[in-house]
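Visitor: My structure file input.tsv, TSV, C-alpha atoms, is below:
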```
chain	number	residue	atom	x	y	z
A	1	MET	CA	3.35	-15.25	-12.53
A	2	GLY	CA	-0.08	-16.85	-12.52
A	3	THR	CA	-2.09	-17.70	-9.41
A	4	ASP	CA	-4.98	-19.89	-8.34
A	5	LEU	CA	-6.66	-17.19	-6.30
A	6	HIS	CA	-10.21	-16.07	-6.81
A	7	LEU	CA	-11.92	-13.11	-5.19
A	8	ILE	CA	-14.43	-14.31	-2.62
A	9	ARG	CA	-15.50	-10.82	-1.57
A	10	ALA	CA	-14.06	-7.35	-1.11
A	11	ALA	CA	-14.69	-4.21	0.90
A	12	ARG	CA	-13.45	-0.65	0.95
A	13	ARG	CA	-14.01	2.21	3.33
A	14	GLU	CA	-13.09	5.83	3.84
A	15	PHE	CA	-12.57	6.97	7.43
A	16	THR	CA	-12.99	10.42	8.92
A	17	GLY	CA	-11.50	11.79	12.09
A	18	PRO	CA	-8.59	10.52	14.16
A	19	ALA	CA	-8.02	7.09	15.66
A	20	VAL	CA	-10.14	6.34	18.73
A	21	LEU	CA	-7.03	5.02	20.49
A	22	LEU	CA	-5.60	8.53	20.48
A	23	ASP	CA	-8.32	9.57	22.93
A	24	ASP	CA	-6.14	7.85	25.52
A	25	PRO	CA	-3.65	10.50	26.71
A	26	VAL	CA	-1.10	7.86	27.75
A	27	LEU	CA	-1.04	6.22	24.31
A	28	ARG	CA	-0.95	9.62	22.65
A	29	ALA	CA	1.99	10.72	24.76
A	30	ARG	CA	3.89	7.49	24.09
A	31	ALA	CA	3.32	7.79	20.35
A	32	GLY	CA	4.49	11.40	20.43
A	33	GLU	CA	7.64	10.49	22.36
A	34	TYR	CA	8.39	7.61	19.98
A	35	LEU	CA	8.04	9.82	16.90
A	36	THR	CA	10.00	12.66	18.48
A	37	ASP	CA	12.96	10.31	18.96
A	38	LEU	CA	12.71	9.13	15.35
A	39	VAL	CA	12.58	12.55	13.69
A	40	ARG	CA	15.06	14.36	15.94
A	41	PRO	CA	18.12	13.52	13.75
A	42	TYR	CA	16.35	15.22	10.83
A	43	ASP	CA	15.61	18.45	12.73
A	44	LEU	CA	11.86	17.88	12.46
A	45	ARG	CA	9.31	18.89	15.06
A	46	VAL	CA	6.38	16.73	16.15
A	47	ASP	CA	3.04	18.50	16.42
A	48	ALA	CA	1.33	17.04	19.49
A	49	ALA	CA	-2.07	18.28	18.27
A	50	ALA	CA	-1.96	16.30	15.00
A	51	ARG	CA	-3.94	13.07	15.21
A	52	GLY	CA	-3.86	10.49	12.46
A	53	GLN	CA	-5.56	7.13	11.97
A	54	SER	CA	-4.78	3.65	13.22
A	55	TYR	CA	-4.43	0.85	10.68
A	56	GLY	CA	-5.46	-1.55	13.41
A	57	GLU	CA	-8.79	0.24	13.83
A	58	MET	CA	-9.34	0.72	10.10
A	59	ALA	CA	-8.53	-2.86	9.12
A	60	ALA	CA	-10.46	-4.37	12.04
A	61	GLU	CA	-13.63	-2.71	10.75
A	62	LEU	CA	-13.14	-4.23	7.30
A	63	ILE	CA	-12.36	-7.65	8.77
A	64	GLY	CA	-15.61	-7.53	10.75
A	65	ALA	CA	-17.56	-6.67	7.60
A	66	LEU	CA	-15.78	-9.11	5.30
A	67	VAL	CA	-14.84	-12.29	7.17
A	68	PRO	CA	-17.56	-14.36	8.88
A	69	ALA	CA	-16.61	-16.31	11.98
A	70	ASP	CA	-17.12	-19.63	10.16
A	71	GLU	CA	-14.73	-18.73	7.30
A	72	PRO	CA	-11.27	-18.78	8.89
A	73	VAL	CA	-8.40	-17.07	7.10
A	74	ASP	CA	-4.96	-18.70	6.71
A	75	LEU	CA	-2.86	-15.67	5.69
A	76	LEU	CA	-3.26	-11.96	6.42
A	77	VAL	CA	-1.10	-9.37	4.63
A	78	LEU	CA	-1.14	-5.71	5.65
A	79	ALA	CA	0.24	-3.42	2.92
A	80	PHE	CA	1.01	0.23	3.61
A	81	ALA	CA	3.47	3.02	2.87
A	82	VAL	CA	2.72	5.78	5.39
A	83	HIS	CA	3.07	4.74	9.04
A	84	ASP	CA	-0.02	5.02	11.19
A	85	ALA	CA	-0.68	7.08	14.29
A	86	LEU	CA	0.71	4.34	16.57
A	87	PRO	CA	3.90	3.31	14.76
A	88	GLY	CA	5.22	1.25	17.66
A	89	ARG	CA	2.35	-1.21	17.50
A	90	ALA	CA	2.69	-4.68	15.91
A	91	THR	CA	-0.43	-4.11	13.83
A	92	ALA	CA	-0.29	-7.24	11.68
A	93	ALA	CA	-0.03	-9.41	14.80
A	94	TYR	CA	-2.96	-7.55	16.35
A	95	LEU	CA	-5.07	-8.07	13.24
A	96	SER	CA	-4.30	-11.80	13.29
A	97	HIS	CA	-5.80	-11.84	16.76
A	98	VAL	CA	-9.06	-10.20	15.64
A	99	CYS	CA	-9.37	-12.11	12.33
A	100	PRO	CA	-11.21	-15.47	12.24
A	101	GLY	CA	-8.69	-18.28	11.96
A	102	THR	CA	-5.87	-16.38	13.73
A	103	PRO	CA	-3.95	-16.42	10.44
A	104	MET	CA	-0.23	-16.14	9.90
A	105	SER	CA	0.24	-12.41	9.34
A	106	PHE	CA	2.86	-9.93	8.30
A	107	ALA	CA	3.17	-6.38	7.04
A	108	LEU	CA	4.67	-5.06	3.81
A	109	CYS	CA	6.03	-1.52	3.68
A	110	ASP	CA	8.88	0.48	2.14
A	111	GLN	CA	7.70	-0.60	-1.32
A	112	GLY	CA	5.45	2.34	-2.08
A	113	SER	CA	2.54	1.44	-4.34
A	114	ALA	CA	4.12	-1.96	-5.05
A	115	ALA	CA	3.39	-3.32	-1.55
A	116	ALA	CA	-0.14	-4.54	-2.29
A	117	PHE	CA	0.96	-6.20	-5.53
A	118	THR	CA	3.73	-7.98	-3.61
A	119	GLY	CA	1.22	-9.17	-1.04
A	120	LEU	CA	-0.99	-10.58	-3.77
A	121	ARG	CA	1.97	-12.31	-5.40
A	122	ILE	CA	3.01	-13.92	-2.12
A	123	ALA	CA	-0.54	-15.11	-1.43
A	124	GLY	CA	-0.72	-16.70	-4.88
A	125	ALA	CA	2.66	-18.39	-4.64
A	126	HIS	CA	1.81	-20.49	-1.59
A	127	ALA	CA	-0.91	-22.98	-0.70
A	128	TYR	CA	-3.18	-20.79	1.41
A	129	ARG	CA	-6.82	-21.76	1.38
A	130	ARG	CA	-7.94	-18.22	2.22
A	131	ALA	CA	-5.83	-15.08	2.19
A	132	LEU	CA	-6.81	-11.58	3.25
A	133	LEU	CA	-5.02	-8.62	1.66
A	134	LEU	CA	-5.47	-5.31	3.48
A	135	VAL	CA	-4.28	-2.12	1.76
A	136	VAL	CA	-4.35	0.91	4.05
A	137	GLU	CA	-3.24	4.53	4.12
A	138	GLN	CA	-3.82	7.47	6.43
A	139	SER	CA	-3.41	11.14	5.75
A	140	VAL	CA	-2.11	12.84	8.91
A	141	LEU	CA	1.48	12.88	10.07
A	142	PRO	CA	2.53	14.99	13.07
A	143	TYR	CA	5.62	16.28	11.27
A	144	ASP	CA	6.46	17.53	7.78
A	145	PRO	CA	7.74	14.54	5.75
A	146	GLY	CA	8.76	16.76	2.84
A	147	VAL	CA	6.55	14.84	0.37
A	148	PRO	CA	2.78	14.73	-0.18
A	149	VAL	CA	0.79	12.41	2.07
A	150	PRO	CA	-2.49	10.72	1.09
A	151	GLU	CA	-5.51	12.97	0.90
A	152	ARG	CA	-7.86	10.70	2.89
A	153	HIS	CA	-7.85	7.81	5.33
A	154	ARG	CA	-8.77	4.81	3.19
A	155	ALA	CA	-8.65	1.02	3.37
A	156	VAL	CA	-9.34	-1.73	0.83
A	157	ALA	CA	-9.66	-5.43	1.71
A	158	LEU	CA	-9.62	-8.41	-0.64
A	159	LEU	CA	-10.60	-11.86	0.65
A	160	LEU	CA	-9.14	-14.44	-1.72
A	161	GLY	CA	-9.58	-18.20	-2.05
A	162	ASP	CA	-7.41	-20.92	-3.57
A	163	GLY	CA	-9.92	-22.52	-5.92
A	164	PRO	CA	-12.54	-21.73	-8.56
A	165	ALA	CA	-15.81	-20.10	-7.67
A	166	ASP	CA	-18.75	-19.58	-9.97
A	167	ASP	CA	-18.84	-16.12	-11.53
A	168	SER	CA	-16.09	-14.70	-9.33
A	169	ALA	CA	-13.06	-12.76	-10.47
A	170	ARG	CA	-9.97	-14.94	-10.67
A	171	VAL	CA	-6.46	-13.51	-10.36
A	172	THR	CA	-4.71	-14.73	-13.51
A	173	ALA	CA	-1.41	-12.86	-13.32
A	174	VAL	CA	0.69	-10.67	-11.04
A	175	ARG	CA	3.74	-9.07	-12.66
A	176	GLN	CA	6.34	-6.90	-10.98
A	177	HIS	CA	9.39	-5.19	-12.45
A	178	ALA	CA	12.06	-3.58	-10.28
A	179	ASP	CA	14.41	-0.73	-11.17
A	180	VAL	CA	12.39	0.54	-14.12
A	181	GLY	CA	13.61	3.99	-15.09
A	182	PRO	CA	11.27	6.83	-16.08
A	183	ASP	CA	12.47	6.65	-19.69
A	184	ASP	CA	11.62	2.96	-19.93
A	185	VAL	CA	8.36	2.68	-18.06
A	186	ALA	CA	5.95	3.74	-20.83
A	187	ALA	CA	7.19	1.17	-23.34
A	188	LEU	CA	7.39	-1.65	-20.80
A	189	ALA	CA	3.96	-0.86	-19.34
A	190	ALA	CA	2.37	-0.76	-22.80
A	191	ALA	CA	3.96	-4.10	-23.73
A	192	GLU	CA	2.79	-5.73	-20.51
A	193	LEU	CA	-0.73	-4.33	-20.90
A	194	ARG	CA	-0.94	-5.77	-24.40
A	195	ALA	CA	0.32	-9.14	-23.14
A	196	LEU	CA	-2.41	-9.16	-20.49
A	197	GLY	CA	-5.15	-8.45	-23.03
A	198	ALA	CA	-5.47	-4.67	-23.15
A	199	GLY	CA	-6.83	-3.58	-26.50
A	200	ARG	CA	-9.74	-6.02	-26.59
A	201	ALA	CA	-13.24	-4.71	-26.13
A	202	ASP	CA	-13.89	-7.06	-23.21
A	203	VAL	CA	-10.82	-5.93	-21.25
A	204	SER	CA	-10.98	-3.02	-18.82
A	205	VAL	CA	-7.80	-1.21	-17.74
A	206	VAL	CA	-7.13	0.70	-14.50
A	207	LEU	CA	-3.96	2.81	-14.42
A	208	GLY	CA	-2.48	4.36	-11.32
A	209	PRO	CA	-1.29	7.98	-11.31
A	210	GLY	CA	2.27	6.86	-12.02
A	211	LEU	CA	1.11	5.62	-15.42
A	212	ALA	CA	-1.11	8.57	-16.33
A	213	GLY	CA	0.93	9.19	-19.48
A	214	VAL	CA	0.68	5.61	-20.75
A	215	ARG	CA	-1.83	4.95	-23.52
A	216	PRO	CA	-3.01	1.34	-23.77
A	217	PRO	CA	-4.04	0.08	-27.21
A	218	PRO	CA	-7.62	1.06	-28.14
A	219	GLY	CA	-10.22	-1.36	-26.87
A	220	GLY	CA	-12.15	-1.55	-23.62
A	221	PRO	CA	-12.61	1.23	-21.07
A	222	VAL	CA	-9.57	2.81	-19.41
A	223	THR	CA	-9.67	4.44	-15.97
A	224	VAL	CA	-6.77	6.67	-14.88
A	225	VAL	CA	-6.74	7.03	-11.10
A	226	PRO	CA	-6.11	10.62	-9.96
A	227	PRO	CA	-3.24	11.33	-7.56
A	228	GLY	CA	-3.90	11.56	-3.86
A	229	GLN	CA	-4.24	7.91	-2.78
A	230	PRO	CA	-0.97	6.25	-3.79
A	231	SER	CA	-1.57	2.97	-1.94
A	232	THR	CA	-5.32	2.40	-2.22
A	233	GLY	CA	-6.25	4.34	-5.38
A	234	VAL	CA	-5.73	1.57	-7.94
A	235	TRP	CA	-7.41	-1.07	-5.78
A	236	TRP	CA	-10.34	1.21	-4.97
A	237	ALA	CA	-10.93	1.76	-8.70
A	238	LEU	CA	-10.37	-1.90	-9.57
A	239	LEU	CA	-13.22	-2.93	-7.26
A	240	ASP	CA	-15.56	-0.84	-9.42
A	241	ARG	CA	-14.63	-3.12	-12.33
A	242	LEU	CA	-15.10	-6.33	-10.35
A	243	VAL	CA	-18.65	-5.66	-9.15
A	244	ASP	CA	-20.98	-8.30	-10.55
A	245	GLY	CA	-23.38	-7.02	-13.20
A	246	PRO	CA	-23.85	-6.51	-16.93
A	247	GLU	CA	-21.13	-3.84	-17.05
A	248	ARG	CA	-18.45	-6.05	-15.56
A	249	PRO	CA	-15.69	-6.78	-18.09
A	250	ARG	CA	-14.52	-10.33	-18.71
A	251	VAL	CA	-10.94	-9.26	-17.95
A	252	ALA	CA	-9.70	-6.37	-15.82
A	253	VAL	CA	-6.07	-5.26	-15.68
A	254	ALA	CA	-4.70	-2.84	-13.10
A	255	ALA	CA	-1.22	-1.33	-13.14
A	256	ASP	CA	0.81	1.29	-11.32
A	257	TYR	CA	4.34	2.71	-11.28
A	258	ASP	CA	6.19	4.15	-8.33
A	259	PRO	CA	8.57	6.76	-9.79
A	260	ASP	CA	10.58	7.13	-6.58
A	261	LEU	CA	11.20	3.42	-5.99
A	262	ARG	CA	11.02	2.51	-9.72
A	263	TYR	CA	8.60	-0.40	-9.38
A	264	LEU	CA	6.20	-1.27	-12.20
A	265	CYS	CA	3.41	-3.63	-11.12
A	266	LEU	CA	0.41	-5.19	-12.89
A	267	VAL	CA	-2.39	-7.56	-11.95
A	268	ALA	CA	-4.96	-9.22	-14.23
A	269	THR	CA	-8.28	-10.78	-13.25
A	270	ALA	CA	-10.79	-12.77	-15.30
A	271	THR	CA	-14.36	-13.77	-14.59
A	272	ASP	CA	-14.25	-16.97	-16.63
A	273	GLN	CA	-11.74	-19.26	-18.25
A	274	PRO	CA	-9.70	-17.60	-21.06
```
Output the file's structure in the form of structure tokens.

Guide:
Amino acid sequence: MGTDLHLIRAARREFTGPAVLLDDPVLRARAGEYLTDLVRPYDLRVDAAARGQSYGEMAAELIGALVPADEPVDLLVLAFAVHDALPGRATAAYLSHVCPGTPMSFALCDQGSAAAFTGLRIAGAHAYRRALLLVVEQSVLPYDPGVPVPERHRAVALLLGDGPADDSARVTAVRQHADVGPDDVAALAAAELRALGAGRADVSVVLGPGLAGVRPPPGGPVTVVPPGQPSTGVWWALLDRLVDGPERPRVAVAADYDPDLRYLCLVATATDQP
């Protein structure tokens, strides 16, 4: 689908250390009790010494840096896969409270790397004057989930508007495919990349780790994001392509595939009319 969104501004940040909220022994104990109840049926043990990050704290910092008080936001979408250090908190509602405009807000999870693409698609499908997409992930869980967790605490924020802006990146397409098997993903991804312009010299491509084996047609530069940041990696790299300057491509396409949930997602941006 196409959208009318353009990128007003963006921010990204890497965080070190645990959430400040976990300095409170009462909150820490409540979070530990909550998680202990959740993991008990799976015979997992909660490590009380492990301290992760809070998406509320991480995202609030980006909101403060990205959204001026006189530019109210209408929609806030929080996209994540790994729960944060305070999983019982209604984080999206909290972030609406701290964001100018007190926007309608909700969280997207259980979609793996597709969550941020879904958030962007929803923002583009409705008449929101300004939408804020927050993509967050933290790297410390107090139990063994049995799968790799992100390597770092990272957050990416995109502030998007509903109309044209001079020399800004415009979201021209968001495409999502569900139930794509591993034997089909390479051919479908290559076809979609070609349809979105890959292969031209003025088109830059960013591929997530799930598409590391896909080879777009020869043309503009291709960046393959290394594993380690399944939620933020593609968006972190895409921002490098959207920075204004002589190296910025006319069109940038980003794509990723979640092999566990079988989602293939793509987004295309352009800096001028096609």

Visitor: Could you tell me how far CA of Pro68 in chain A sits from CA of Arg129 in chain A, in Å to one decimal place?

Guide: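 Value for the CA of Arg129 in chain A-CA of Pro68 in chain A distance: 15.0 Å.
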
Visitor: Identify which of the residues A:Val67, A:Val135, A:Ala173, A:Met58 lies closest to Gln229 in chain A, counting all atoms listed in the file when measuring atom-to-atom distances.

Guide: A:Val135

Visitor: In Å, rounded to a single decimal, give me how far CA of Phe106 in chain A is from CA of Val149 in chain A.

Guide: 23.3 Å

Visitor: What is the CA of Thr269 in chain A to CA of Asp179 in chain A distance in Å?

Guide: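 Here the two named atoms are 24.9 Å from each other.
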
Visitor: Which of these, A:Cys109, A:Leu239, A:Val185, A:Ile63, has the shortest distance to Val205 in chain A once you count only C-alpha atoms?

Guide: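 Using only C-alpha atoms, the shortest distance to Val205 in chain A belongs to A:Leu239.
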
Visitor: Using all atoms listed in the file, find the one residue out of A:Pro148, A:Leu62, A:Ala255, A:Thr232 that sits nearest to Ala190 in chain A.

Guide: A:Ala255

Visitor: Taking into account all atoms listed in the file, which residue in the set A:Ala81, A:Ala60, A:Ala178, A:Leu261 is nearest to Ala93 in chain A?

Guide: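 Among the listed residues, the smallest separation from Ala93 in chain A belongs to A:Ala60.
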
Visitor: Starting from the point (-1.3, -14.5, -4.8), work out which residues of protein, DNA or RNA have an atom no more than 9 Å away when counting only C-alpha atoms; state them as a VMD selection string.

Guide: chain A and resid 2 to 5 117 to 126 131 160 162 171 173 to 174

Visitor: Go through A:Leu35, A:Val147, A:Leu159, A:Ala48 and flag the residue nearest Val73 in chain A, using all atoms listed in the file for the distances.

Guide: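 The shortest atom-to-atom distance to Val73 in chain A comes from A:Leu159.
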
Visitor: Select, from A:Val46, A:Ala254, A:Val39, A:Ala59, the residue with the minimum atom-to-atom distance to His153 in chain A, counting only C-alpha atoms.

Guide: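 Closest residue, counting only C-alpha atoms: A:Ala59.
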
Visitor: Determine, counting only C-alpha atoms, which protein, DNA and RNA residues have an atom within 6 Å of an atom of range 207-217 of chain A; residues of the same chain fewer than 5 positions away are not included. Present the result as a PyMOL selection string.

Guide: chain A and resi 186+190+199+224-227+234+254-257

Visitor: Once you have the residues from the selection above, write them out as a PDB file, keeping the file's coordinate frame, restricted to C-alpha atoms.

Guide:
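The file below, again.pdb, is the result:
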```pdb
ATOM      1  CA  ALA A 186       5.950   3.740 -20.830  1.00  0.00           C
ATOM      2  CA  ALA A 190       2.370  -0.760 -22.800  1.00  0.00           C
ATOM      3  CA  GLY A 199      -6.830  -3.580 -26.500  1.00  0.00           C
ATOM      4  CA  VAL A 224      -6.770   6.670 -14.880  1.00  0.00           C
ATOM      5  CA  VAL A 225      -6.740   7.030 -11.100  1.00  0.00           C
ATOM      6  CA  PRO A 226      -6.110  10.620  -9.960  1.00  0.00           C
ATOM      7  CA  PRO A 227      -3.240  11.330  -7.560  1.00  0.00           C
ATOM      8  CA  VAL A 234      -5.730   1.570  -7.940  1.00  0.00           C
ATOM      9  CA  ALA A 254      -4.700  -2.840 -13.100  1.00  0.00           C
ATOM     10  CA  ALA A 255      -1.220  -1.330 -13.140  1.00  0.00           C
ATOM     11  CA  ASP A 256       0.810   1.290 -11.320  1.00  0.00           C
ATOM     12  CA  TYR A 257       4.340   2.710 -11.280  1.00  0.00           C
TER      13      TYR A 257
END
```
